[in-house]
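S.K.: Supplied structure: structure.txt, compact mmCIF, C-alpha atoms.
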```
# COMPACT_ATOMS: atom_id res chain seq x y z
CA MET A 1 5.69 11.90 -47.88
CA LYS A 2 8.23 9.08 -47.90
CA TRP A 3 7.69 5.78 -46.11
CA GLN A 4 10.58 6.52 -43.75
CA GLU A 5 8.81 9.68 -42.60
CA TYR A 6 5.60 7.76 -42.07
CA GLN A 7 7.52 5.28 -39.93
CA ASP A 8 8.92 8.18 -37.90
CA ALA A 9 5.43 9.63 -37.46
CA VAL A 10 4.15 6.30 -36.13
CA ALA A 11 7.03 6.15 -33.64
CA ALA A 12 6.43 9.74 -32.57
CA LEU A 13 2.74 8.97 -32.09
CA TYR A 14 3.58 6.37 -29.44
CA GLU A 15 6.38 8.45 -27.94
CA GLN A 16 3.87 11.21 -27.31
CA THR A 17 1.60 8.84 -25.37
CA GLU A 18 2.51 9.43 -21.74
CA GLY A 19 3.30 6.31 -19.74
CA PHE A 20 3.29 4.01 -22.75
CA GLY A 21 6.58 2.32 -21.94
CA ASN A 22 9.95 2.52 -23.68
CA VAL A 23 9.59 3.25 -27.40
CA LYS A 24 12.42 2.33 -29.79
CA ARG A 25 12.52 3.29 -33.46
CA ASN A 26 13.74 1.24 -36.42
CA ILE A 27 15.72 -1.39 -34.58
CA THR A 28 16.82 -4.95 -35.33
CA ILE A 29 16.15 -7.95 -33.09
CA PRO A 30 17.55 -11.45 -33.62
CA ASP A 31 15.08 -14.11 -34.72
CA LYS A 32 14.51 -16.38 -31.74
CA ILE A 33 15.08 -19.50 -33.90
CA THR A 34 17.52 -18.55 -36.66
CA GLY A 35 19.35 -15.71 -34.95
CA GLN A 36 19.06 -13.58 -38.08
CA SER A 37 18.38 -9.87 -37.64
CA ARG A 38 14.74 -8.82 -38.05
CA GLN A 39 13.87 -5.18 -38.66
CA ILE A 40 11.22 -3.66 -36.41
CA ASP A 41 9.60 -0.29 -37.22
CA VAL A 42 8.69 0.44 -33.60
CA LEU A 43 9.26 -1.68 -30.50
CA ILE A 44 7.46 -0.85 -27.27
CA GLU A 45 8.71 -2.41 -24.03
CA LEU A 46 6.43 -2.40 -21.00
CA GLU A 47 6.99 -3.40 -17.41
CA ALA A 48 3.82 -4.53 -15.63
CA LYS A 49 3.83 -6.10 -12.16
CA GLY A 50 7.24 -7.64 -12.65
CA HIS A 51 6.55 -8.85 -16.17
CA SER A 52 8.24 -7.57 -19.33
CA LEU A 53 6.04 -7.19 -22.40
CA LYS A 54 7.08 -6.47 -25.98
CA LEU A 55 4.82 -4.89 -28.56
CA VAL A 56 5.79 -4.80 -32.22
CA VAL A 57 4.34 -1.89 -34.20
CA ASP A 58 4.49 -2.10 -37.99
CA ALA A 59 3.88 0.99 -40.15
CA LYS A 60 2.08 0.38 -43.46
CA PHE A 61 2.37 3.37 -45.78
CA HIS A 62 0.47 1.84 -48.69
CA ALA A 63 -1.73 3.55 -51.25
CA ASP A 64 -4.36 0.80 -50.86
CA PRO A 65 -5.90 -0.86 -47.79
CA ILE A 66 -3.71 -3.63 -46.40
CA ASP A 67 -4.87 -7.20 -47.00
CA VAL A 68 -4.86 -10.33 -44.87
CA LYS A 69 -1.37 -11.30 -46.08
CA GLU A 70 0.03 -8.13 -44.53
CA VAL A 71 -1.56 -9.01 -41.20
CA GLU A 72 -0.17 -12.54 -41.36
CA ALA A 73 3.31 -11.23 -42.13
CA VAL A 74 3.31 -8.89 -39.12
CA LEU A 75 2.00 -11.66 -36.86
CA ALA A 76 4.83 -13.90 -38.06
CA LEU A 77 7.37 -11.14 -37.40
CA ALA A 78 6.05 -10.60 -33.86
CA ASP A 79 6.29 -14.34 -33.17
CA ALA A 80 9.81 -14.54 -34.63
CA VAL A 81 11.17 -11.92 -32.22
CA GLY A 82 9.22 -13.13 -29.19
CA ALA A 83 6.84 -10.17 -28.99
CA ASN A 84 3.66 -10.44 -26.94
CA LYS A 85 1.52 -8.39 -29.30
CA ALA A 86 1.44 -7.04 -32.83
CA ILE A 87 0.06 -3.64 -33.82
CA ILE A 88 -0.37 -2.41 -37.39
CA VAL A 89 -0.68 1.29 -38.16
CA ALA A 90 -1.94 1.87 -41.71
CA ALA A 91 -2.26 5.03 -43.79
CA ASN A 92 -5.22 3.85 -45.89
CA GLY A 93 -7.04 1.30 -43.78
CA TRP A 94 -7.53 -2.42 -44.35
CA THR A 95 -9.76 -4.92 -46.06
CA GLU A 96 -12.55 -6.84 -44.30
CA PRO A 97 -10.61 -10.15 -44.36
CA ALA A 98 -7.62 -8.36 -42.83
CA GLU A 99 -9.82 -6.99 -40.06
CA LYS A 100 -11.29 -10.42 -39.35
CA LYS A 101 -7.82 -11.96 -39.18
CA ALA A 102 -6.57 -9.24 -36.85
CA LEU A 103 -9.56 -9.58 -34.50
CA HIS A 104 -9.16 -13.35 -34.34
CA THR A 105 -5.45 -13.19 -33.54
CA GLY A 106 -5.45 -10.20 -31.19
CA CYS A 107 -3.58 -7.94 -33.60
CA ASP A 108 -4.53 -4.28 -33.18
CA LEU A 109 -5.25 -2.19 -36.27
CA ARG A 110 -4.91 1.58 -36.11
CA LEU A 111 -5.51 4.19 -38.79
CA LEU A 112 -3.05 7.09 -39.15
CA SER A 113 -3.82 9.04 -42.30
CA LEU A 114 -1.25 10.84 -44.43
CA GLU A 115 -2.48 14.20 -43.17
CA GLU A 116 -2.34 13.10 -39.52
CA ALA A 117 1.20 11.78 -40.01
CA LEU A 118 2.30 15.03 -41.63
CA ASP A 119 0.82 16.98 -38.72
CA ILE A 120 3.17 15.08 -36.40
CA ILE A 121 6.45 15.55 -38.29
CA VAL A 122 6.05 18.73 -40.41
CA PRO A 123 5.68 21.78 -38.13
CA ASP A 124 4.98 24.28 -40.95
CA LYS A 125 2.44 22.12 -42.78
CA TRP A 126 -0.38 24.13 -44.30
CA GLU A 127 -2.53 21.58 -46.11
CA ILE A 128 -2.38 18.48 -48.26
CA CYS A 129 -1.38 19.48 -51.77
CA THR A 130 -4.47 19.76 -53.96
CA ASN A 131 -2.36 18.99 -57.03
CA CYS A 132 -0.67 15.66 -56.22
CA GLN A 133 -2.41 14.57 -52.97
CA ARG A 134 0.85 12.81 -51.99
CA ASP A 135 2.40 15.38 -49.68
CA CYS A 136 1.79 18.73 -48.03
CA ILE A 137 2.42 22.37 -48.80
CA VAL A 138 4.83 23.85 -46.26
CA LEU A 139 4.56 27.57 -45.49
CA ASP A 140 8.27 28.13 -44.91
CA GLU A 141 8.67 31.29 -47.00
CA ASN A 142 7.56 34.66 -45.67
CA GLY A 143 8.64 38.26 -45.80
CA LEU A 144 8.06 41.82 -44.72
CA LEU A 145 8.64 44.93 -46.84
CA ILE A 146 8.26 48.63 -46.14
CA THR A 147 7.01 50.32 -49.30
CA ASN A 148 7.85 53.85 -50.49
CA ASP A 149 4.93 55.35 -48.60
CA GLY A 150 5.92 53.60 -45.36
CA VAL A 151 3.33 50.82 -45.49
CA ALA A 152 4.34 47.44 -44.03
CA PHE A 153 3.58 44.64 -46.48
CA TRP A 154 3.96 40.97 -45.49
CA TRP A 155 3.10 37.58 -46.93
CA PHE A 156 3.26 33.82 -46.46
CA SER A 157 4.07 31.28 -49.15
CA GLY A 158 5.39 27.79 -49.70
CA GLN A 159 5.55 24.75 -51.95
CA CYS A 160 4.44 21.13 -51.91
CA ARG A 161 7.36 18.97 -50.81
CA GLU A 162 6.55 16.45 -53.55
CA CYS A 163 5.49 18.28 -56.72
CA LYS A 164 6.46 21.92 -55.89
CA TYR A 165 2.91 23.19 -56.41
CA ALA A 166 2.79 26.51 -54.55
CA PHE A 167 0.51 28.49 -52.28
CA ALA A 168 0.85 32.19 -51.48
CA TRP A 169 -1.13 34.55 -49.28
CA CYS A 170 -0.91 38.30 -49.81
CA GLN A 171 -1.73 39.99 -46.51
CA GLU A 172 -2.43 43.35 -48.13
CA CYS A 173 -5.37 42.26 -50.27
CA GLY A 174 -6.10 38.95 -48.55
CA HIS A 175 -5.74 37.06 -51.84
CA TYR A 176 -5.00 33.30 -51.60
CA MET A 177 -3.21 31.94 -54.66
CA HIS A 178 -2.42 28.42 -55.90
CA ILE A 179 0.42 28.50 -58.42
CA PRO A 180 1.62 25.51 -60.52
CA LEU A 181 5.35 24.93 -60.90
CA ASP A 182 6.76 27.39 -63.48
CA GLY A 183 3.50 29.33 -63.30
CA GLN A 184 2.65 32.86 -62.23
CA THR A 185 -0.33 34.90 -61.11
CA GLU A 186 -1.27 38.37 -59.91
CA CYS A 187 -2.99 39.10 -56.63
CA ALA A 188 -5.66 41.80 -56.29
CA CYS A 189 -2.92 44.33 -55.45
CA GLY A 190 -1.30 43.75 -58.82
CA HIS A 191 1.83 42.12 -57.41
CA LEU A 192 3.29 39.30 -59.50
CA TRP A 193 3.88 35.91 -57.88
CA GLU A 194 6.01 33.32 -59.68
CA ASN A 195 6.71 29.71 -58.73
CA ASP A 196 9.89 27.95 -59.84
CA SER A 197 12.04 25.12 -58.53
CA ASP A 198 13.87 27.48 -56.15
CA GLY A 199 10.71 28.81 -54.48
CA ILE A 200 8.29 31.73 -54.73
CA ASN A 201 9.39 34.97 -56.38
CA LEU A 202 7.48 38.18 -55.64
CA THR A 203 7.61 41.34 -57.75
CA LEU A 204 5.71 44.30 -56.32
CA ILE A 205 3.53 46.35 -58.65
CA GLU A 206 5.69 49.43 -58.11
CA GLU A 207 8.70 47.48 -59.36
CA ARG A 208 6.79 46.37 -62.46
CA THR A 209 5.19 49.73 -63.35
CA GLU A 210 7.52 52.25 -61.70
CA VAL A 211 4.37 53.92 -60.36
CA PRO A 212 4.18 54.70 -56.60
CA TRP A 213 2.22 52.03 -54.78
CA ASN A 214 -0.21 52.89 -52.00
CA ARG A 215 -2.33 50.94 -49.52
CA GLU A 216 -5.81 51.76 -50.78
CA GLY A 217 -5.61 51.50 -54.55
CA GLY A 218 -2.56 49.39 -55.28
CA HIS A 219 -1.15 52.17 -57.48
CA GLN A 220 -1.85 55.80 -58.23
```
Starting from the file, give its structure as structure tokens.
M.R.:
Amino acid sequence: MKWQEYQDAVAALYEQTEGFGNVKRNITIPDKITGQSRQIDVLIELEAKGHSLKLVVDAKFHADPIDVKEVEAVLALADAVGANKAIIVAANGWTEPAEKKALHTGCDLRLLSLEEALDIIVPDKWEICTNCQRDCIVLDENGLLITNDGVAFWWFSGQCRECKYAFAWCQECGHYMHIPLDGQTECACGHLWENDSDGINLTLIEERTEVPWNREGGHQ
């Protein structure tokens, strides 16, 4: 997952919250003192009893917990654009000093893990890749074949968006397979599954052996 996608997931999280005001993504607001443009990940504008409120939401897609300096920087940004409140959404949590600083200053901290963010923006997500742990496997490859004996054979497969590690599920034998990039494996049916940079390649056992393939035994 890229940091831009994480930022989009944070925005979508607030957009999905009914009645949470007007949500704007990735905008610039002039600094109230210098007039220079300041980038805001997510700006939420609320109207409450005749009063306008601005909430600055900052997305932190860091591998490590954010520290107190990150909290101070977001507080300074909120003040610079005249926001009433700062909110930090972090992928991997925060340190104890950062939490203390946030509590003292009224800055909200919210955890949105990598997997939760991917759930929001990747519809075909299957699971976090067990190989790289940096992105998800997307089941966007599937197919249906009618074999020589009239049996319908279908499958699901896909690759990690980051490292191209693959997953495939053979419906016929129920075999789940994890396949490294440029690797191959056979399912219990005897079909050959190969993973390359272009996707998953499937060769049925009847194509490999030129022996009729049937439902019960795989081949006869």
S.K.: So which residues fall inside 7 Å of (-4.5, -6.5, -48.5) if we count all atoms listed in the file? Mind giving them as a PyMOL selection string?
M.R.: chain A and resi 65-70+94-95+98
S.K.: Go ahead and save the picked residues with C-alpha atoms, as an mmCIF file, in the frame of the given file.
M.R.:
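Dumped to result25.cif:
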```
data_model
loop_
_atom_site.group_PDB
_atom_site.id
_atom_site.type_symbol
_atom_site.label_atom_id
_atom_site.label_comp_id
_atom_site.auth_asym_id
_atom_site.auth_seq_id
_atom_site.Cartn_x
_atom_site.Cartn_y
_atom_site.Cartn_z
ATOM 1 C CA PRO A 65 -5.900 -0.860 -47.790
ATOM 2 C CA ILE A 66 -3.710 -3.630 -46.400
ATOM 3 C CA ASP A 67 -4.870 -7.200 -47.000
ATOM 4 C CA VAL A 68 -4.860 -10.330 -44.870
ATOM 5 C CA LYS A 69 -1.370 -11.300 -46.080
ATOM 6 C CA GLU A 70 0.030 -8.130 -44.530
ATOM 7 C CA TRP A 94 -7.530 -2.420 -44.350
ATOM 8 C CA THR A 95 -9.760 -4.920 -46.060
ATOM 9 C CA ALA A 98 -7.620 -8.360 -42.830
#
```
S.K.: In Å, rounded to a single decimal, give me how far CA of Asn201 in chain A is from CA of Ala188 in chain A.
M.R.: 16.5 Å
S.K.: When you look at Asn142 in chain A with a cut-off of 7 Å (counting all atoms listed in the file), what residues show up, excluding the ones that are within fewer than 2 positions of it in the same chain? I need them as a PyMOL selection string.
M.R.: chain A and resi 140+155-157
S.K.: For His104 in chain A, which residue among A:Leu204, A:Asp124, A:Asp135, A:Leu75 is the nearest when counting all atoms listed in the file?
M.R.: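 Counting all atoms listed in the file, the residue closest to His104 in chain A is A:Leu75.
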S.K.: List every protein, DNA or RNA residue that has at least one atom no more than 8 Å from (15.1, 3.3, -39.7) in the file's coordinates, counting all atoms listed in the file, and write the result as an mmCIF file with C-alpha atoms, in the frame of the given file.
M.R.:
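part.cif was written with the following content:
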```cif
data_model
loop_
_atom_site.group_PDB
_atom_site.id
_atom_site.type_symbol
_atom_site.label_atom_id
_atom_site.label_comp_id
_atom_site.auth_asym_id
_atom_site.auth_seq_id
_atom_site.Cartn_x
_atom_site.Cartn_y
_atom_site.Cartn_z
ATOM 1 C CA GLN A 4 10.580 6.520 -43.750
ATOM 2 C CA GLN A 7 7.520 5.280 -39.930
ATOM 3 C CA ARG A 25 12.520 3.290 -33.460
ATOM 4 C CA ASN A 26 13.740 1.240 -36.420
ATOM 5 C CA ILE A 27 15.720 -1.390 -34.580
ATOM 6 C CA ASP A 41 9.600 -0.290 -37.220
#
```
S.K.: To one decimal place in Å, what is the distance between CA of Leu112 in chain A and CA of Glu45 in chain A?
M.R.: 21.4 Å
S.K.: Kindly give the distance, in Å, that separates CA of Ala83 in chain A and CA of Lys54 in chain A, rounded to a single decimal.
M.R.: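 Taking CA of Ala83 in chain A as the start and CA of Lys54 in chain A as the end point, the length is 4.8 Å.
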S.K.: Show which residues sit within 12 Å of Gly82 in chain A, as a PDB file with C-alpha atoms, in the coordinates of the input. Count only C-alpha atoms, and ignore same-chain residues fewer than 6 positions away.
M.R.:
```pdb
ATOM      1  CA  ILE A  29      16.150  -7.950 -33.090  1.00  0.00           C
ATOM      2  CA  PRO A  30      17.550 -11.450 -33.620  1.00  0.00           C
ATOM      3  CA  ASP A  31      15.080 -14.110 -34.720  1.00  0.00           C
ATOM      4  CA  LYS A  32      14.510 -16.380 -31.740  1.00  0.00           C
ATOM      5  CA  ILE A  33      15.080 -19.500 -33.900  1.00  0.00           C
ATOM      6  CA  GLY A  35      19.350 -15.710 -34.950  1.00  0.00           C
ATOM      7  CA  ARG A  38      14.740  -8.820 -38.050  1.00  0.00           C
ATOM      8  CA  LEU A  43       9.260  -1.680 -30.500  1.00  0.00           C
ATOM      9  CA  GLU A  45       8.710  -2.410 -24.030  1.00  0.00           C
ATOM     10  CA  SER A  52       8.240  -7.570 -19.330  1.00  0.00           C
ATOM     11  CA  LEU A  53       6.040  -7.190 -22.400  1.00  0.00           C
ATOM     12  CA  LYS A  54       7.080  -6.470 -25.980  1.00  0.00           C
ATOM     13  CA  LEU A  55       4.820  -4.890 -28.560  1.00  0.00           C
ATOM     14  CA  VAL A  56       5.790  -4.800 -32.220  1.00  0.00           C
ATOM     15  CA  LEU A  75       2.000 -11.660 -36.860  1.00  0.00           C
ATOM     16  CA  ALA A  76       4.830 -13.900 -38.060  1.00  0.00           C
TER      17      ALA A  76
END
```
S.K.: Compare A:Thr28, A:Thr105, A:Asn92, A:Thr130 by their minimum atom-to-atom distance to Glu162 in chain A, counting only C-alpha atoms, and give me the closest one.
M.R.: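 Comparing A:Thr28, A:Thr105, A:Asn92, A:Thr130 against Glu162 in chain A, the winner is A:Thr130.
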S.K.: Select from range 71-145 of chain A every residue with an atom at most 12 Å from any atom of range 171-176 of chain A, then for each give the shortest pair of atoms and their distance in Å to one decimal, using all atoms listed in the file, rows by chain and rising number, as JSON lines.
M.R.:
```
{"residue": "A:Asn142", "atom": "CA", "partner": "A:Gln171", "partner_atom": "CA", "distance": 10.7}
{"residue": "A:Gly143", "atom": "CA", "partner": "A:Gln171", "partner_atom": "CA", "distance": 10.5}
{"residue": "A:Leu144", "atom": "CA", "partner": "A:Gln171", "partner_atom": "CA", "distance": 10.1}
{"residue": "A:Leu145", "atom": "CA", "partner": "A:Glu172", "partner_atom": "CA", "distance": 11.3}
```
S.K.: Since we have the selection now, will you write its residues out, keeping C-alpha atoms, as a compact mmCIF listing (two decimals), in the coordinates of the input?
M.R.:
```
# COMPACT_ATOMS: atom_id res chain seq x y z
CA ASN A 142 7.56 34.66 -45.67
CA GLY A 143 8.64 38.26 -45.80
CA LEU A 144 8.06 41.82 -44.72
CA LEU A 145 8.64 44.93 -46.84
```
S.K.: Tell me which of A:Leu202, A:Asn195, A:Asp108, A:Ala63 sits closest to Cys170 in chain A, counting all atoms listed in the file.
M.R.: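 Nearest to Cys170 in chain A: A:Leu202.
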S.K.: Measuring between only C-alpha atoms, which one of A:Glu127, A:Lys49, A:Gln184, A:Ile120 shows the shortest distance to Tyr6 in chain A?
M.R.: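 Once distances to Tyr6 in chain A are computed over only C-alpha atoms, the minimum belongs to A:Ile120.
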S.K.: Which residue is closest to Val89 in chain A? Choose from A:Gln39, A:Ala9, A:His51, A:Val122 and count all atoms listed in the file.
M.R.: A:Ala9
S.K.: So, counting all atoms listed in the file, which residue among A:Cys187, A:Cys163, A:Cys107, A:Val23 is closest to Asn84 in chain A?
M.R.: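 Ranking A:Cys187, A:Cys163, A:Cys107, A:Val23 by distance to Asn84 in chain A, first place goes to A:Cys107.
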